[in-house]
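Novice: Here it is, the structure, as structure tokens.
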Amino acid sequence: MPNLKYLRPKTIDEALEQLASGVALGGGTTLTPRRFQLETVVDLQDLGLSDLEESGGKVTVGAACTLQQIVEAEGILSAELAQACRREAAWNLRNMATIAGAVLSCDGRSPLVCALLAVGAKALLVPGEETLALDDLLDRRPLDPEVLVTAFHWKTKASLRYEQVGRTPADRPIVAAAIGRPDGSAYRVILAGHGSRPRRVHQAEKALGAGDPAGAGKAAAAAYANAGDALASAGYRSHVAGVLVRRLGAEGIA
Amino acid sequence: MRLRLTLNGNRVTASIAPEATLLEVLRREFGVFGVKHGCETGECGACTVLLNGEPINSCVMLAAQADGKEITTIESVGQHPEQGWRLTAGLDPLQQAFVETGAIQCGFCTPAMILSARALLAENPEPAEADVRAALSGVLCRCTGYLKPVQAILRAAAVLRGEEVPPIAGTLPPMVDLGVAQQAEELPGAAGTPDVLTRAGILPQMRVTTEARTWSTVGRPEPKVDAVKLAQGKPAFTADIEMRGMLVAKVLHSPHAHARIKRISAGKARALTGVAAVLTWKDIPRVVYSSAGQSDPIPGPLDMFSLDEKVRFVGDRVAFVAAESEAVAEQALALIEVEYEVLPAILDPQQAMAEGAQVIHDEPEYVPFGESDPSRNRAAHIHIDIGDVEKGLAAADEIFEGTYEVPKVQQASIEPHVVITYWDEDDRLVIRTSTQVPFHVRRQLAPVLGLPPKRIRVIKPRIGGGFGGKQEVMVEDVAAHLTIATGRPVRFETTRAEEFTFARSRHPMRIRMRTGVKRDGTITANEMTVLSDTGAYGCHALTVTGNTGHKAMALYVGDGEYRKSPNIRFHADVVYTNTPPAGAFRGYGVPQGFWPVERHMERITRALGLDPLEFRLKNAVRLGELHPFSTAWSEGREPRPETIQSCGLEECVAQGAAAIGWDDKYGNSRWRRVAGKPHLRRGIGVATVMQGTAIPYLDMGGASLKINDDGSFNLLVGATDLGTGSDTVLGQQAAEVLGVPLEDVIVYSSDTDFTPFDKGAYASSTTYISGAAVVQAAEKVAERIRLRAARMLSEQIGKKVRPTAVRLADRQAWAPDGSSVTLAEIALDALHHQDQEQIMAVGSYVSPVSPPPFAAQFAEVTVDTETGAVRVDRLVMAVDSGVIINPLTASGQVEGGMTQALGYAVCEEMTYDSEGRPCETSFADYHIFQAHEMPELQTIFVETVEPSHPFGVKAVAEIPMDGVAPAVGNAVLDACGADVLKAPITPERVWRALQTQRSGTGAQRSAVSRQQE
């Protein structure tokens, strides 16, 4: 049986070359269990992508920043975002899992990705220095092998409110909702708990913009009208989506 | 590739395969066994190490990623303080605190917890409780409920800051007094820190009997005898050994729920380099057996083969492989060619006995037991009629009916199943296994392997949790067959996914209740009808379901005339389905029984407008009364009448109610509301429960005790400590009789060559049965000691001292005039000086009774009435387990049991898709409670003295599983009227129940409601 090939590039150019035939390795928390199905892994830890800083009204988080780095940056980031990060994984995993890994391997139940979508996070890609809205990045999965996410950024003053329903306080959500205002004006309403990724509810955003949290709730319920699976029925998810968005919307407007 | 690390301060290198995880490299290359395997996806945290000072999970990190970094493991933390002439700095304060507070049960997750705590305290020397819980969030524990570990860490933090902490050892627990308001206690070390979440002290509150206060060791919070080794992460578990030439075993699992193997070809797999053996059903003898670890004769059908030409659930065994490495073994599995004839599968137990249903067990070798009838997919059938239920129902003013359901859930011990087998130098097969039943393993495997029991030796090392999942001969045959085939040592360790797909679980059941009640609350008749799903094999099928009736339906006998002559009926069918077989899980049918019973009783009290506590006590069995089922059914033996000889249920209810503030909260609509949150409602609920203590006329344990030159003793017991602390409580009982401290009793368990027989750790029997055997042996040894001491003292004093006048205490034998000789002097005299003898004795015990422990379980919840989300805020359990030998280990059992039962109540559920494939295969899908989401836990012991045991004990291990789910269900009903009949109480089920209630379509009464003439 051929051994796994392990590569650890020192520069981004080297990494891009190696990624042509290998899989990006961040923390390893989701990749390691699949290691017997892989041929080559490219460890990104030496590429200097672990910086987290705030400047010019923008928070920039390197793609290889761990989730724990994000939690510990609570002074720079909103407390709600740090809390969404805590919900994403327990301490041990947060010390290894990277933000890029969490985003690119997320499913619909990710509290962190739900929150990042709500604050309007964008991803920086190389080559070409392309900036992509997180929504679009998720739609592009699986990423082209020759492309690498190097950082995420969002506005420092982006506000966020998040609530979830699960079987226990720390279980992954059955339904979660996040409402963010990336630059203090327009709303972003995100639902999580179902499907392959959290999703945006444009109708709810319009309703909140018009000062109508009840309407936002109805729109959220409609968006999750078919969100049934083995864990919960569509009827239940739809109802709870409506409740959570209405509540968060009303809080914000109050 | 070459790996360079700084490991525990030392620079090390190793040549590794790039795909090796850090966990594999640490254990196999560097022999660092304190780092454990509990899962493969980083959820359980048993593999925690510090990487540059931060806790990470080494199972989800490639070793290559750690190249050049610093790794710290438990091996670098503390050591025993006295190592002969070398004295050391001793244990780390964290380790010391874990030992003192009883924070270590099985110890499998202890190194991970201690390392995480070290990382926390390095950054934050004065953590609040919430910080400690967050630090433990990445380490799953199935034993402790996290309470004592949190207390230990806060205590250690205080010690490190130079603060005083109150002593634990040698103290008596705080007395609980009815009528005195419970003071909120601060956790030691939490003083001044914000947000104390837990009000319980380290020791449980207790009402201690007068006699118990006179003892020196029994009743004291002694640290566990294995705590120091577990705190150091010593290689004490099954997989923690290396053997030259050891092979790795893997099992090929069935992808189909039901199929015949038409053709199986292992040629390509066998030809792979590194493969030592591949076994299919054609290669081994066909011997039918039961995998249930139980006494002879097995009270259930024999319906299993090591490998069969039929598979009966997704995950069932198809072939075994032994190879040089895990990677090669995995490759070999993929090369085995199997052609299946897929058969219709039965996934719904309600279809199992339908006319024309596909027969799951059609093998000619099937050996039925009792009323098992494989042609109808019936593994067992029970019908018990006590009194005259129809007459009782006719006498009722109202009849209440309800249908309830409980899910399949899993023991989920953090250590999976693991076994190592090898031939020793005498060509005897040694089975080193994580088992609760070493003697049953030997007896039951012998015919399967073609070996007599005398050529098999089973060794049980430390176990990382079992909870009944290891009361099973489930993995030992796999490794044993491969050792026979290859002549080499073989290790078989299940993955976490295999645990969820082919290990055992709790029988899911559908239960119908029918109860006749007079308007004054007297129960006139009580009937339970059960459909139990045992899955593909009938292990524990009859006995688990029998217990559901035998214990859950025994609690309520009725009042007045009905006390002498209760009317109770229990009817059960246990059916086969094509799902993974259920088996033994702590509580053993009784949690399944109390969900319907206690939910049903709650609905009755509300319908009749009665007080829930008074109604229960009015009808509950009392001291001096006959256990109603004792003449009707016993687990594998003829039933004989038993009288309840100790019962503290009434006081348990009173103490638990006082502790949780029942009178202030129940029926208080102001308390129910939460200020500023109109959608939230609080609720309070109760369940009263009972269990059993061992199985009468069946369960037997033995003990062997001898004195050593220094006056210490070796105590050999077959009883299997699976982390419960049974070695410790058995040692305490011996120490009390012998008048020595616990440290002078060296306990060894269990090895079929050296320790006397014990049926094993199940049925809550060890403290009671094995304890009685220990006391018997200790009393015989004490008698020999007194005889010799009397002679020595007579010579010393110059006056005759009678042996019966000699008292043993403080390691000495005392004459009435105060003169003494030490046990060391007596030992030297016996072994070397005069009339030499080895002072030793054996004892064994089987009990004619199974005295029930009783408990009152209380729960407080907050319900979001818009979403159905339930937060359990507080659990209080007041328990009568007779006399408590060790308040630390006993309260640890209650805290851990309540936590495991909390999962049963609100979140744990094993489900299958339409093809019979499991939906939950990791801890990500199957959530068990973590440290940072726990409710407050409080334990109160109400001691009674059970006369059938020398120290008055009853069981404590299983009863904590029984009441949490119904108490939470009753609290949810109290909070918002949502009447959930199917566990777990998920948010959606609460929401649907609220919809039903709001639309007025819920019926709490049956259609039948008769007026009194």
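Convention: chains lettered A, B, ... in structure tokens order; per-chain residue numbering from 1; ligands numbered from 1 as shown.
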I'd like the contact shell of Gly209 of chain A - 10 Å cut-off, only C-alpha atoms, skipping same-chain residues fewer than 6 positions apart - returned as a compact mmCIF listing (two decimals) with N, CA, C and O atoms, in the first residue's frame.
Specialist:
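To be explicit, this is the file written out as out_39.txt:
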# COMPACT_ATOMS: atom_id res chain seq x y z
N SER A 185 -25.72 48.96 8.66
CA SER A 185 -26.97 49.36 8.02
C SER A 185 -27.78 48.14 7.56
O SER A 185 -28.68 47.69 8.26
N ALA A 186 -27.46 47.61 6.40
CA ALA A 186 -28.27 46.51 5.86
C ALA A 186 -28.13 45.25 6.71
O ALA A 186 -27.11 45.03 7.35
N TYR A 187 -29.20 44.44 6.69
CA TYR A 187 -29.21 43.21 7.48
C TYR A 187 -28.79 42.03 6.63
O TYR A 187 -29.02 41.99 5.42
N ARG A 188 -28.23 41.04 7.31
CA ARG A 188 -28.02 39.72 6.70
C ARG A 188 -28.64 38.71 7.65
O ARG A 188 -28.35 38.70 8.85
N GLN A 203 -35.50 37.56 1.78
CA GLN A 203 -36.81 38.16 2.11
C GLN A 203 -36.83 38.63 3.56
O GLN A 203 -37.43 39.66 3.88
N ALA A 216 -40.05 39.15 8.90
CA ALA A 216 -38.77 38.45 8.74
C ALA A 216 -38.91 37.01 9.20
O ALA A 216 -38.40 36.08 8.57
N GLY A 249 -34.68 39.53 15.39
CA GLY A 249 -35.02 40.77 14.69
C GLY A 249 -35.63 41.80 15.63
O GLY A 249 -35.28 42.97 15.61
N ILE A 253 -34.12 45.55 16.71
CA ILE A 253 -34.85 46.79 16.44
C ILE A 253 -35.14 47.50 17.75
O ILE A 253 -35.09 48.72 17.85
Novice: Find the spatial neighbours of segment 191-194 of chain A, counting only C-alpha atoms, within a cut-off of 6 Å - ignore same-chain residues fewer than 4 positions away - and output them as a ChimeraX atom specification.
Specialist: /A:108-109,173-177,198-199
Novice: Based on only C-alpha atoms, which of the residues in chain B come within 7 Å of chain A? I want them as number ranges by chain.
Specialist: B: 17-19, 40-42, 54-57, 60-62, 135, 137-138, 867, 869, 871, 906-907, 927, 933, 986-988
Novice: Would you mind listing what lies within 10 Å of Arg622 of chain B as a PyMOL selection string, with only C-alpha atoms counted and same-chain residues fewer than 6 positions away left out?
Specialist: chain B and resi 555-557+563+643-650
Novice: How many Å separate atom CA of Ile484 of chain B from atom CA of Val328 of chain B?
Specialist: 20.1 Å
Novice: Any idea what's packed within 12 Å of Thr214 of chain B, counting only C-alpha atoms, ignoring anything in its chain fewer than 6 positions away? Could you give it as a list in words?
Specialist: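 Result of the neighbour search: Leu172, Val208, Arg220, Glu736 and Phe951 of chain B.
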Novice: Just the residues within 10 Å of Val71 of chain A, please, counting only C-alpha atoms, with nothing from its chain fewer than 4 positions along; format it as a list in words.
Specialist: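 Near neighbours after the sequence-gap exclusion: Thr66, Leu67, Gly75, Ile76, Leu77, Ser78, Ala79, Glu80, Leu81, Ala82, Gln83, Ala84, Cys85, Arg86, Trp91 and Arg94 of chain A.
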Novice: Run DSSP on the backbone of this structure and report the residues of segment 879-958 of chain B it assigns to strand (DSSP E), as a list in words.
Specialist: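 Strand (DSSP E) assignments inside segment 879-958 of chain B correspond to Val879, Asp880, Glu936, Leu937, Gln938, Thr939, Ile940, Phe941 and Val942 of chain B.
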Novice: Excluding segment 578-591 of chain B and residues on its chain fewer than 2 positions from it, collect all residues at most 7 Å away from it, counting only C-alpha atoms, and give them as a VMD selection string.
Specialist: chain B and resid 257 to 258 312 to 314 345 to 347 411 467 to 469 471 501 to 502 504 to 507 534 to 537 539 to 540 544 to 545 547 to 548 551 to 552 576 593 to 595 916 958 to 959 961 to 962
Novice: Have a look at B:Val953, B:Ala227, B:Leu136, B:Ile707 and name the one nearest to Cys44 of chain B; count only C-alpha atoms.
Specialist: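 Answer, going by the shortest atom-to-atom distance: B:Leu136.
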Novice: Of the candidates A:Arg161, A:Arg181, A:Lys58, A:Lys122, which one gets nearest to Arg246 of chain A if we count only C-alpha atoms?
Specialist: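 Ranking A:Arg161, A:Arg181, A:Lys58, A:Lys122 by distance to Arg246 of chain A, first place goes to A:Arg161.
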Novice: In Å, rounded to a single decimal, give me how far atom CA of Gly731 of chain B is from atom CA of Pro221 of chain B.
Specialist: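 Distance reported for this atom pair: 12.9 Å.
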Novice: Can you work out which one of A:Thr150, A:Gln37, A:Ser110, A:Gln18 has the shortest atom-to-atom distance to Asp51 of chain A, counting only C-alpha atoms?
Specialist: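 With only C-alpha atoms as the atom set, the closest residue is A:Thr150.
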Novice: I'd like to know which residues of segment 23-156 of chain A are alpha helix (DSSP H) (by DSSP, run on the backbone); could you write them as a PyMOL selection string?
Specialist: chain A and resi 67-72+79-88+91-94+99-104+111-118+134-139
Novice: Rounded to one decimal, what separation in Å do you get between atom CA of Arg27 of chain B and atom CA of Val49 of chain B?
Specialist: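 It comes out at 11.9 Å.
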Novice: Extract, using only C-alpha atoms, all DNA, RNA and protein residues at most 7 Å from segment 124-130 of chain A, discarding same-chain residues fewer than 4 positions from it, and format them as a list in words.
Specialist: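 Result of the neighbour search: Val147, Leu148, Val149, Thr150, Ala151 and Phe152 of chain A.
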Novice: Counting only C-alpha atoms, which residue out of B:Gly609, B:Gly882, B:Gly760, B:Gly267 sits closest to Lys460 of chain B?
Specialist: B:Gly760
Novice: Compare B:Ala480, B:Ile71, B:Ala789, B:Leu50 by their minimum atom-to-atom distance to Asn8 of chain B, counting only C-alpha atoms, and give me the closest one.
Specialist: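 Among B:Ala480, B:Ile71, B:Ala789, B:Leu50, it is B:Ile71 that comes nearest to Asn8 of chain B.
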